[in-house]
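S.K.: This is the structure, below, for whatever I ask next.
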2 protein chains.
Amino acid sequence: MREFRFATPEEAEAAFYGAFASRSLEEMMQVWAADDTVVCIHPMGPRLTGSAAIAASWRQIFGGGGEMQVKPGGVVVTAGASLVLHSVDEHILLGDGRRGLVHATNVYRLTADGWRMVMHHGSPGGAREGGAGDAEGPPVVH
Amino acid sequence: MREFRFATPEEAEAAFYGAFASRSLEEMMQVWAADDTVVCIHPMGPRLTGSAAIAASWRQIFGGGGEMQVKPGGVVVTAGASLVLHSVDEHILLGDGRRGLVHATNVYRLTADGWRMVMHHGSPGGAREGGAGDAEGPPVVH
């Protein structure tokens, strides 16, 4: 198994979306920190905690039949010294031509093995982004 | 206007859910850092950036007719020195008796004004939480 070591959160994020593109479980799990407190929420899915549950979910996703392209964009960064957040718009293109938007919160931690993902929270996106002074789109519950 | 200063992320989070309970826009916006990079995603809503857009969204939510209780639980903490994440299960009870689960990622930053919220990402919850070795629930897209 190749060993990855990411020098920046951006490198780790590129590897995350690269693993998506290649549907590689091995590459995907090299991005994640290997511990029991990492959290992954797929759109409309339950909250998964710990590497084992998270690996199982990606195995299921990559093993699924449908083709899927994920193009990240519109990144908003919130940086701490050893913990960095990226708010990302994921533009999804399914093999059958359907398109979708997923809002993702990706969190990276500086570990002894370089920067690793410690959280991914994905959810179905609203119609469009709201900027400063722009609060369109009715929030359903809160 | 009362000035709040939160000594811990937990205090800021208690104030966040307290503002929900009292439907107070003033209390809610005291929890948030006042800057243009803060991010709020309400369930199924667009990504809002900046205090003005976020305040407008809460005004709309608190101004809505329906009663709503939000009970946070199952908090998983990911802590950095000046940036702390809480993954929270929000148990929602609407005035008409309907119940729901929202997965929330709440992020707090240590600022010159104490701990403040810099991100809230809420999304409709899956059927139940998956623990280690437990990857139930079909993720729809990813």
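Labels for the structure tokens follow display order: chains A, B, ..., residues from 1 in each chain, ligands from 1.
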What does chain B look like once superposed on chain A, all Cα atoms paired in sequence order, least squares? Give it as an mmCIF file with C-alpha atoms, in the first residue's frame.
M.R.:
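File written: result-v7.cif
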data_model
loop_
_atom_site.group_PDB
_atom_site.id
_atom_site.type_symbol
_atom_site.label_atom_id
_atom_site.label_comp_id
_atom_site.auth_asym_id
_atom_site.auth_seq_id
_atom_site.Cartn_x
_atom_site.Cartn_y
_atom_site.Cartn_z
ATOM 1 C CA MET B 1 0.002 -0.046 0.150
ATOM 2 C CA ARG B 2 1.349 3.356 -0.831
ATOM 3 C CA GLU B 3 1.699 5.697 2.111
ATOM 4 C CA PHE B 4 0.338 9.176 1.622
ATOM 5 C CA ARG B 5 1.392 12.167 3.630
ATOM 6 C CA PHE B 6 -0.387 15.431 2.991
ATOM 7 C CA ALA B 7 1.550 18.621 3.699
ATOM 8 C CA THR B 8 -1.533 20.861 3.619
ATOM 9 C CA PRO B 9 -5.303 20.554 4.043
ATOM 10 C CA GLU B 10 -5.560 21.405 0.346
ATOM 11 C CA GLU B 11 -3.472 18.350 -0.576
ATOM 12 C CA ALA B 12 -5.648 16.152 1.618
ATOM 13 C CA GLU B 13 -8.764 17.591 0.004
ATOM 14 C CA ALA B 14 -7.409 17.012 -3.495
ATOM 15 C CA ALA B 15 -6.774 13.382 -2.512
ATOM 16 C CA PHE B 16 -10.305 13.093 -1.096
ATOM 17 C CA TYR B 17 -11.888 14.166 -4.382
ATOM 18 C CA GLY B 18 -9.292 12.150 -6.296
ATOM 19 C CA ALA B 19 -10.368 9.025 -4.407
ATOM 20 C CA PHE B 20 -13.934 9.827 -5.416
ATOM 21 C CA ALA B 21 -12.929 10.106 -9.058
ATOM 22 C CA SER B 22 -11.024 6.824 -9.016
ATOM 23 C CA ARG B 23 -13.534 5.123 -6.702
ATOM 24 C CA SER B 24 -10.629 3.878 -4.648
ATOM 25 C CA LEU B 25 -11.429 2.803 -1.109
ATOM 26 C CA GLU B 26 -7.715 2.512 -0.352
ATOM 27 C CA GLU B 27 -7.011 6.083 -1.441
ATOM 28 C CA MET B 28 -10.112 7.347 0.372
ATOM 29 C CA MET B 29 -9.131 5.799 3.684
ATOM 30 C CA GLN B 30 -5.581 7.165 3.370
ATOM 31 C CA VAL B 31 -7.144 10.621 3.535
ATOM 32 C CA TRP B 32 -8.966 9.930 6.804
ATOM 33 C CA ALA B 33 -7.373 9.992 10.247
ATOM 34 C CA ALA B 34 -7.460 6.478 11.680
ATOM 35 C CA ASP B 35 -9.346 6.975 14.883
ATOM 36 C CA ASP B 36 -12.646 6.283 16.566
ATOM 37 C CA THR B 37 -13.868 9.872 16.747
ATOM 38 C CA VAL B 38 -13.854 10.717 13.043
ATOM 39 C CA VAL B 39 -17.331 11.553 11.779
ATOM 40 C CA CYS B 40 -18.915 11.108 8.353
ATOM 41 C CA ILE B 41 -22.452 12.079 7.377
ATOM 42 C CA HIS B 42 -23.458 11.265 3.811
ATOM 43 C CA PRO B 43 -26.410 13.225 2.382
ATOM 44 C CA MET B 44 -29.594 12.072 4.154
ATOM 45 C CA GLY B 45 -27.623 9.319 5.907
ATOM 46 C CA PRO B 46 -26.980 8.564 9.565
ATOM 47 C CA ARG B 47 -23.981 9.912 11.430
ATOM 48 C CA LEU B 48 -21.153 7.410 11.186
ATOM 49 C CA THR B 49 -18.350 7.493 13.732
ATOM 50 C CA GLY B 50 -15.004 5.713 13.579
ATOM 51 C CA SER B 51 -12.880 4.510 10.679
ATOM 52 C CA ALA B 52 -14.504 1.084 10.366
ATOM 53 C CA ALA B 53 -18.049 2.361 9.853
ATOM 54 C CA ILE B 54 -16.817 5.086 7.523
ATOM 55 C CA ALA B 55 -14.769 2.674 5.394
ATOM 56 C CA ALA B 56 -17.802 0.383 5.112
ATOM 57 C CA SER B 57 -19.912 3.284 3.825
ATOM 58 C CA TRP B 58 -17.396 4.241 1.151
ATOM 59 C CA ARG B 59 -17.056 0.603 0.121
ATOM 60 C CA GLN B 60 -20.811 0.564 -0.421
ATOM 61 C CA ILE B 61 -20.752 3.836 -2.381
ATOM 62 C CA PHE B 62 -17.828 2.870 -4.618
ATOM 63 C CA GLY B 63 -19.279 -0.614 -5.096
ATOM 64 C CA GLY B 64 -22.565 0.816 -6.358
ATOM 65 C CA GLY B 65 -23.202 0.527 -10.048
ATOM 66 C CA GLY B 66 -23.797 4.121 -11.035
ATOM 67 C CA GLU B 67 -21.185 6.419 -12.482
ATOM 68 C CA MET B 68 -20.718 9.686 -10.632
ATOM 69 C CA GLN B 69 -18.542 12.751 -11.034
ATOM 70 C CA VAL B 70 -17.992 15.133 -8.143
ATOM 71 C CA LYS B 71 -16.593 18.566 -8.910
ATOM 72 C CA PRO B 72 -15.732 20.632 -5.833
ATOM 73 C CA GLY B 73 -15.961 24.421 -5.946
ATOM 74 C CA GLY B 74 -16.723 27.598 -4.018
ATOM 75 C CA VAL B 75 -14.481 26.686 -1.099
ATOM 76 C CA VAL B 76 -14.736 28.842 2.039
ATOM 77 C CA VAL B 77 -11.864 28.184 4.450
ATOM 78 C CA THR B 78 -11.920 28.554 8.242
ATOM 79 C CA ALA B 79 -8.404 27.926 9.502
ATOM 80 C CA GLY B 80 -7.048 27.161 12.952
ATOM 81 C CA ALA B 81 -3.484 26.125 13.707
ATOM 82 C CA SER B 82 -4.073 22.390 13.605
ATOM 83 C CA LEU B 83 -7.712 22.156 12.502
ATOM 84 C CA VAL B 84 -8.975 23.543 9.202
ATOM 85 C CA LEU B 85 -12.498 23.600 7.790
ATOM 86 C CA HIS B 86 -13.488 23.768 4.156
ATOM 87 C CA SER B 87 -17.068 24.543 3.216
ATOM 88 C CA VAL B 88 -17.387 23.138 -0.309
ATOM 89 C CA ASP B 89 -20.057 23.114 -3.004
ATOM 90 C CA GLU B 90 -19.964 19.677 -4.602
ATOM 91 C CA HIS B 91 -21.416 19.681 -8.087
ATOM 92 C CA ILE B 92 -22.576 16.123 -8.754
ATOM 93 C CA LEU B 93 -23.080 14.657 -12.208
ATOM 94 C CA LEU B 94 -24.600 11.194 -12.305
ATOM 95 C CA GLY B 95 -24.092 8.758 -15.166
ATOM 96 C CA ASP B 96 -27.678 9.223 -16.320
ATOM 97 C CA GLY B 97 -27.172 12.970 -16.720
ATOM 98 C CA ARG B 98 -28.865 14.068 -13.518
ATOM 99 C CA ARG B 99 -27.138 16.882 -11.664
ATOM 100 C CA GLY B 100 -27.166 17.853 -8.044
ATOM 101 C CA LEU B 101 -25.550 20.093 -5.490
ATOM 102 C CA VAL B 102 -24.215 18.843 -2.179
ATOM 103 C CA HIS B 103 -23.013 21.160 0.583
ATOM 104 C CA ALA B 104 -20.003 19.591 2.239
ATOM 105 C CA THR B 105 -18.158 20.548 5.395
ATOM 106 C CA ASN B 106 -14.723 18.949 5.274
ATOM 107 C CA VAL B 107 -12.494 19.147 8.324
ATOM 108 C CA TYR B 108 -8.781 18.355 8.429
ATOM 109 C CA ARG B 109 -6.457 17.921 11.379
ATOM 110 C CA LEU B 110 -2.672 18.099 11.476
ATOM 111 C CA THR B 111 -1.619 14.700 12.820
ATOM 112 C CA ALA B 112 1.710 12.921 13.207
ATOM 113 C CA ASP B 113 0.974 11.572 9.705
ATOM 114 C CA GLY B 114 0.344 14.981 8.135
ATOM 115 C CA TRP B 115 -3.060 16.520 7.444
ATOM 116 C CA ARG B 116 -5.922 14.052 7.614
ATOM 117 C CA MET B 117 -9.682 14.330 7.267
ATOM 118 C CA VAL B 118 -11.519 14.059 10.581
ATOM 119 C CA MET B 119 -15.000 15.001 9.402
ATOM 120 C CA HIS B 120 -17.083 15.019 6.243
ATOM 121 C CA HIS B 121 -20.647 16.281 6.482
ATOM 122 C CA GLY B 122 -22.511 16.255 3.175
ATOM 123 C CA SER B 123 -26.107 17.345 2.668
ATOM 124 C CA PRO B 124 -28.440 18.126 -0.219
ATOM 125 C CA GLY B 125 -27.854 21.661 -1.431
ATOM 126 C CA GLY B 126 -30.321 24.476 -1.647
ATOM 127 C CA ALA B 127 -31.219 26.076 -4.932
ATOM 128 C CA ARG B 128 -28.398 28.596 -4.910
ATOM 129 C CA GLU B 129 -25.840 30.212 -2.691
ATOM 130 C CA GLY B 130 -26.883 33.183 -0.582
ATOM 131 C CA GLY B 131 -24.302 35.933 -0.254
ATOM 132 C CA ALA B 132 -24.036 38.815 2.154
ATOM 133 C CA GLY B 133 -27.403 40.521 2.556
ATOM 134 C CA ASP B 134 -29.095 37.770 0.607
ATOM 135 C CA ALA B 135 -31.197 35.296 2.566
ATOM 136 C CA GLU B 136 -33.248 33.646 -0.137
ATOM 137 C CA GLY B 137 -34.595 30.140 0.151
ATOM 138 C CA PRO B 138 -37.045 29.183 2.860
ATOM 139 C CA PRO B 139 -35.342 27.118 5.544
ATOM 140 C CA VAL B 140 -37.800 24.319 6.194
ATOM 141 C CA VAL B 141 -37.252 23.563 9.847
ATOM 142 C CA HIS B 142 -34.288 25.646 10.856
#
S.K.: Looking only at the backbone, which of the residues in chain B does DSSP tag as helix (DSSP H, G or I), as a PyMOL selection string?
M.R.: chain B and resi 9-22+25-31+51-63
S.K.: Just the selected residues (N, CA, C and O atoms), exported as a CSV table (one decimal), in the first residue's frame, please.
M.R.:
chain,number,residue,atom,x,y,z
B,9,PRO,N,-16.4,26.7,24.4
B,9,PRO,CA,-17.4,26.4,23.3
B,9,PRO,C,-18.7,25.9,23.8
B,9,PRO,O,-19.7,26.1,23.2
B,10,GLU,N,-18.6,25.2,24.9
B,10,GLU,CA,-19.9,24.6,25.5
B,10,GLU,C,-20.8,25.7,25.9
B,10,GLU,O,-22.0,25.6,25.8
B,11,GLU,N,-20.3,26.8,26.5
B,11,GLU,CA,-21.1,27.9,26.9
B,11,GLU,C,-21.7,28.6,25.6
B,11,GLU,O,-22.9,29.0,25.7
B,12,ALA,N,-20.9,28.7,24.6
B,12,ALA,CA,-21.5,29.3,23.4
B,12,ALA,C,-22.6,28.4,22.8
B,12,ALA,O,-23.6,28.9,22.3
B,13,GLU,N,-22.4,27.1,22.9
B,13,GLU,CA,-23.4,26.2,22.3
B,13,GLU,C,-24.7,26.2,23.2
B,13,GLU,O,-25.8,26.2,22.6
B,14,ALA,N,-24.5,26.3,24.5
B,14,ALA,CA,-25.7,26.4,25.3
B,14,ALA,C,-26.5,27.7,25.0
B,14,ALA,O,-27.7,27.7,24.9
B,15,ALA,N,-25.8,28.8,24.7
B,15,ALA,CA,-26.4,30.0,24.3
B,15,ALA,C,-27.1,29.9,22.9
B,15,ALA,O,-28.2,30.5,22.7
B,16,PHE,N,-26.5,29.2,22.0
B,16,PHE,CA,-27.0,28.9,20.7
B,16,PHE,C,-28.4,28.2,20.8
B,16,PHE,O,-29.4,28.7,20.3
B,17,TYR,N,-28.4,27.2,21.6
B,17,TYR,CA,-29.7,26.4,21.7
B,17,TYR,C,-30.7,27.2,22.7
B,17,TYR,O,-31.9,27.1,22.5
B,18,GLY,N,-30.1,28.0,23.6
B,18,GLY,CA,-31.0,28.9,24.4
B,18,GLY,C,-31.7,29.9,23.5
B,18,GLY,O,-32.9,30.2,23.7
B,19,ALA,N,-31.0,30.5,22.5
B,19,ALA,CA,-31.5,31.5,21.6
B,19,ALA,C,-32.7,30.8,20.8
B,19,ALA,O,-33.7,31.5,20.5
B,20,PHE,N,-32.4,29.6,20.4
B,20,PHE,CA,-33.5,28.8,19.7
B,20,PHE,C,-34.7,28.8,20.6
B,20,PHE,O,-35.9,29.0,20.1
B,21,ALA,N,-34.5,28.4,21.8
B,21,ALA,CA,-35.7,28.2,22.8
B,21,ALA,C,-36.4,29.5,23.0
B,21,ALA,O,-37.7,29.5,23.0
B,22,SER,N,-35.7,30.6,23.1
B,22,SER,CA,-36.4,31.8,23.3
B,22,SER,C,-36.7,32.6,22.1
B,22,SER,O,-37.3,33.7,22.1
B,25,LEU,N,-33.5,36.7,18.3
B,25,LEU,CA,-32.5,37.0,17.3
B,25,LEU,C,-31.3,37.7,17.9
B,25,LEU,O,-30.2,37.4,17.5
B,26,GLU,N,-31.6,38.5,18.9
B,26,GLU,CA,-30.4,39.2,19.5
B,26,GLU,C,-29.5,38.2,20.2
B,26,GLU,O,-28.3,38.3,20.0
B,27,GLU,N,-30.1,37.3,21.0
B,27,GLU,CA,-29.2,36.3,21.6
B,27,GLU,C,-28.5,35.4,20.6
B,27,GLU,O,-27.4,35.0,20.8
B,28,MET,N,-29.2,35.1,19.5
B,28,MET,CA,-28.6,34.2,18.5
B,28,MET,C,-27.4,34.9,17.9
B,28,MET,O,-26.3,34.3,17.8
B,29,MET,N,-27.5,36.2,17.6
B,29,MET,CA,-26.4,36.8,16.9
B,29,MET,C,-25.3,37.2,17.8
B,29,MET,O,-24.2,37.4,17.4
B,30,GLN,N,-25.5,37.2,19.1
B,30,GLN,CA,-24.4,37.3,20.1
B,30,GLN,C,-23.5,36.1,20.1
B,30,GLN,O,-22.4,36.1,20.5
B,31,VAL,N,-24.1,34.9,19.7
B,31,VAL,CA,-23.3,33.7,19.7
B,31,VAL,C,-22.4,33.7,18.5
B,31,VAL,O,-21.3,33.2,18.6
B,51,SER,N,-22.5,37.6,8.4
B,51,SER,CA,-23.4,37.9,9.5
B,51,SER,C,-24.8,38.4,9.0
B,51,SER,O,-25.8,38.0,9.6
B,52,ALA,N,-24.8,39.3,8.0
B,52,ALA,CA,-26.0,39.9,7.6
B,52,ALA,C,-27.0,38.9,7.0
B,52,ALA,O,-28.2,38.8,7.4
B,53,ALA,N,-26.5,38.0,6.1
B,53,ALA,CA,-27.4,37.0,5.5
B,53,ALA,C,-27.8,36.0,6.6
B,53,ALA,O,-29.0,35.5,6.6
B,54,ILE,N,-26.9,35.7,7.5
B,54,ILE,CA,-27.3,34.7,8.6
B,54,ILE,C,-28.3,35.3,9.5
B,54,ILE,O,-29.3,34.6,9.9
B,55,ALA,N,-28.1,36.5,9.9
B,55,ALA,CA,-29.1,37.2,10.8
B,55,ALA,C,-30.5,37.2,10.1
B,55,ALA,O,-31.5,36.9,10.7
B,56,ALA,N,-30.5,37.5,8.8
B,56,ALA,CA,-31.8,37.6,8.1
B,56,ALA,C,-32.5,36.2,8.1
B,56,ALA,O,-33.7,36.1,8.2
B,57,SER,N,-31.7,35.1,8.0
B,57,SER,CA,-32.3,33.8,8.0
B,57,SER,C,-32.9,33.4,9.3
B,57,SER,O,-34.0,32.9,9.4
B,58,TRP,N,-32.2,33.8,10.4
B,58,TRP,CA,-32.7,33.5,11.7
B,58,TRP,C,-34.0,34.4,12.0
B,58,TRP,O,-34.9,33.9,12.7
B,59,ARG,N,-34.0,35.6,11.5
B,59,ARG,CA,-35.1,36.5,11.7
B,59,ARG,C,-36.3,35.8,11.1
B,59,ARG,O,-37.4,35.8,11.6
B,60,GLN,N,-36.1,35.2,9.9
B,60,GLN,CA,-37.2,34.6,9.2
B,60,GLN,C,-37.7,33.3,10.0
B,60,GLN,O,-38.9,33.1,10.1
B,61,ILE,N,-36.7,32.6,10.5
B,61,ILE,CA,-37.1,31.3,11.2
B,61,ILE,C,-37.8,31.7,12.5
B,61,ILE,O,-38.9,31.1,12.8
B,62,PHE,N,-37.3,32.7,13.3
B,62,PHE,CA,-38.0,33.0,14.5
B,62,PHE,C,-39.3,33.7,14.3
B,62,PHE,O,-40.2,33.7,15.2
B,63,GLY,N,-39.4,34.4,13.2
B,63,GLY,CA,-40.6,35.1,12.8
B,63,GLY,C,-41.7,34.2,12.4
B,63,GLY,O,-42.9,34.6,12.3
